[in-house]
Amino acid sequence: SAGIAGIAVGFAAKDTLANLFSGVFILADSPYKIGDYVVLDSGERGKVTHIGIRSTRILTRDDVEVTIPNAIMGNSRIVNESGGPHEKYRVRVQVSVAYGSDIDRVKAVLMEVAQGCDQICTDPEPRVRFRLFGPSGLDFELLCWIDHPELRGRILEQLNSSVYKRFMADSIEIPYTKQDLYIKEFPHPAADD
């Protein structure tokens with residue numbers, strides 16, 4: 001019976017020990033620190049507010065604190081958007097314009113929009129890339145750097161709104177999906193007897 005009790009205690013303590021060992025490894029390895037903005041495999045994203053022996057807490061963009069066991073954190077792919085040589089984060093504004101548009105004018109308008117936003121970093125400078133001949137239009141991408149990853153949603157909304165207003169003011173057409181239907185011939189009505 002002592003052996004059975006030992007096995008039962010072992011199964012009960014398995015998760016606790018896994019969390020403890022993972023917590024020690026996380027603290028020793030430091031893949032992230034308090035204040036870093038991380039994205040988990042599950043899609044949750046937020047700022048790390050606490051790293052403990054048993055769990056890590058993340059404050060999401062909805063101001064909800066999520067507690068994640070360290071065993072999960074230790075065995076998951078975590079993207080640390082605040083890691084790297086600096087905390088800056090690149091945002092991408094993807095836009096399509098109609099075929100026949102003046103591509104130099106489109107590039108100039110996109111650069112003016114980026115330079116008009118005070119939350120866009122000047123180092124590195126914003127860039128515009130002509131990416132693709134799309135099925136309905138020409139696809140461009142405005143690439144900008146911002147100071148903090150958690151500002152991405154707000155700044156992307158501001159840039160999208162500004163691009164749309166400028167395109168409307170400058171008569172740059174944003175295409176929509178169109179399909180042309182060609183009818184080769186109409187069926188002839190059957191002759192009455």
# chains A, B, ... in the order shown; residues from 1 in each chain; ligands from 1
$ closest_atom_pairs --of "region 157-179 of chain A" --to "region 99-114 of chain A" --cutoff "9 Å" --atoms "only C-alpha atoms" --output "tab-separated table"
residue	atom	partner	partner_atom	distance
A:Leu159	CA	A:Val113	CA	7.1
A:Ser162	CA	A:Val113	CA	6.4
A:Val163	CA	A:Val113	CA	6.5
A:Arg166	CA	A:Val109	CA	7.2
A:Phe167	CA	A:Val109	CA	7.8
A:Asp170	CA	A:Val109	CA	8.6
A:Ile172	CA	A:Ser101	CA	6.8
A:Glu173	CA	A:Ser101	CA	7.6
A:Pro175	CA	A:Tyr99	CA	8.4
$ select_by_dssp --residues "region 78-155 of chain A" --states "strand (DSSP E)" --output "list in words"
Val79, Asn80, Tyr89, Arg90, Val91, Arg92, Val93, Gln94, Val95, Ser96, Val97, Arg127, Val128, Arg129, Phe130, Arg131, Leu132, Phe133, Leu138, Asp139, Phe140, Glu141, Leu142, Leu143, Cys144, Trp145 and Ile146 of chain A
$ residues_around --residues "Pro124 (chain A)" --least-positions-apart "6" --cutoff "12 Å" --atoms "only C-alpha atoms" --output "PyMOL selection string"
chain A and resi 86+88-90+143-147
$ atom_distance --atom1 "CA of His148 (chain A)" --atom2 "CA of Leu132 (chain A)"
29.0 Å
$ closest_residue --among "A:Ala98, A:Arg152, A:Phe133, A:Asn160" --to "Tyr176 (chain A)" --atoms "only C-alpha atoms"
A:Ala98
$ atom_distance --atom1 "CA of Asn70 (chain A)" --atom2 "CA of Ser55 (chain A)"
4.7 Å
$ select_by_dssp --residues "region 8-169 of chain A" --states "alpha helix (DSSP H)" --output "ChimeraX atom specification"
/A:8-29,70-74,103-115,152-169
$ residues_around --residues "region 43-52 of chain A" --least-positions-apart "2" --cutoff "12 Å" --atoms "only C-alpha atoms" --output "NGL selection string"
:A and (19-28 or 30-41 or 54-71 or 73 or 76-82 or 148-151)
$ decode --residues "region 128-139 of chain A" --atoms "N, CA, C and O atoms" --output "tab-separated table (two decimals), in the first residue's frame"
chain	number	residue	atom	x	y	z
A	128	VAL	N	8.32	52.44	-48.42
A	128	VAL	CA	7.18	51.96	-49.21
A	128	VAL	C	7.71	50.96	-50.21
A	128	VAL	O	8.72	51.20	-50.88
A	129	ARG	N	7.03	49.82	-50.31
A	129	ARG	CA	7.42	48.78	-51.25
A	129	ARG	C	6.24	48.41	-52.15
A	129	ARG	O	5.13	48.23	-51.67
A	130	PHE	N	6.51	48.34	-53.45
A	130	PHE	CA	5.53	47.84	-54.42
A	130	PHE	C	5.71	46.33	-54.42
A	130	PHE	O	6.69	45.81	-54.91
A	131	ARG	N	4.73	45.62	-53.88
A	131	ARG	CA	4.92	44.20	-53.60
A	131	ARG	C	4.44	43.26	-54.71
A	131	ARG	O	5.08	42.25	-54.97
A	132	LEU	N	3.30	43.57	-55.35
A	132	LEU	CA	2.68	42.53	-56.17
A	132	LEU	C	1.72	43.11	-57.19
A	132	LEU	O	1.07	44.12	-56.94
A	133	PHE	N	1.65	42.46	-58.35
A	133	PHE	CA	0.59	42.71	-59.31
A	133	PHE	C	-0.57	41.80	-58.90
A	133	PHE	O	-0.58	40.62	-59.24
A	134	GLY	N	-1.50	42.33	-58.14
A	134	GLY	CA	-2.60	41.53	-57.61
A	134	GLY	C	-3.68	41.26	-58.63
A	134	GLY	O	-3.69	41.83	-59.72
A	135	PRO	N	-4.64	40.41	-58.26
A	135	PRO	CA	-5.73	40.08	-59.20
A	135	PRO	C	-6.65	41.26	-59.50
A	135	PRO	O	-7.22	41.34	-60.57
A	136	SER	N	-6.77	42.21	-58.54
A	136	SER	CA	-7.66	43.35	-58.75
A	136	SER	C	-6.93	44.68	-58.74
A	136	SER	O	-7.52	45.71	-59.04
A	137	GLY	N	-5.66	44.69	-58.34
A	137	GLY	CA	-4.94	45.95	-58.26
A	137	GLY	C	-3.47	45.75	-57.98
A	137	GLY	O	-2.96	44.62	-57.92
A	138	LEU	N	-2.78	46.85	-57.80
A	138	LEU	CA	-1.35	46.86	-57.48
A	138	LEU	C	-1.20	46.92	-55.97
A	138	LEU	O	-1.75	47.81	-55.32
A	139	ASP	N	-0.45	45.98	-55.39
A	139	ASP	CA	-0.33	45.88	-53.94
A	139	ASP	C	0.94	46.56	-53.44
A	139	ASP	O	2.05	46.24	-53.89
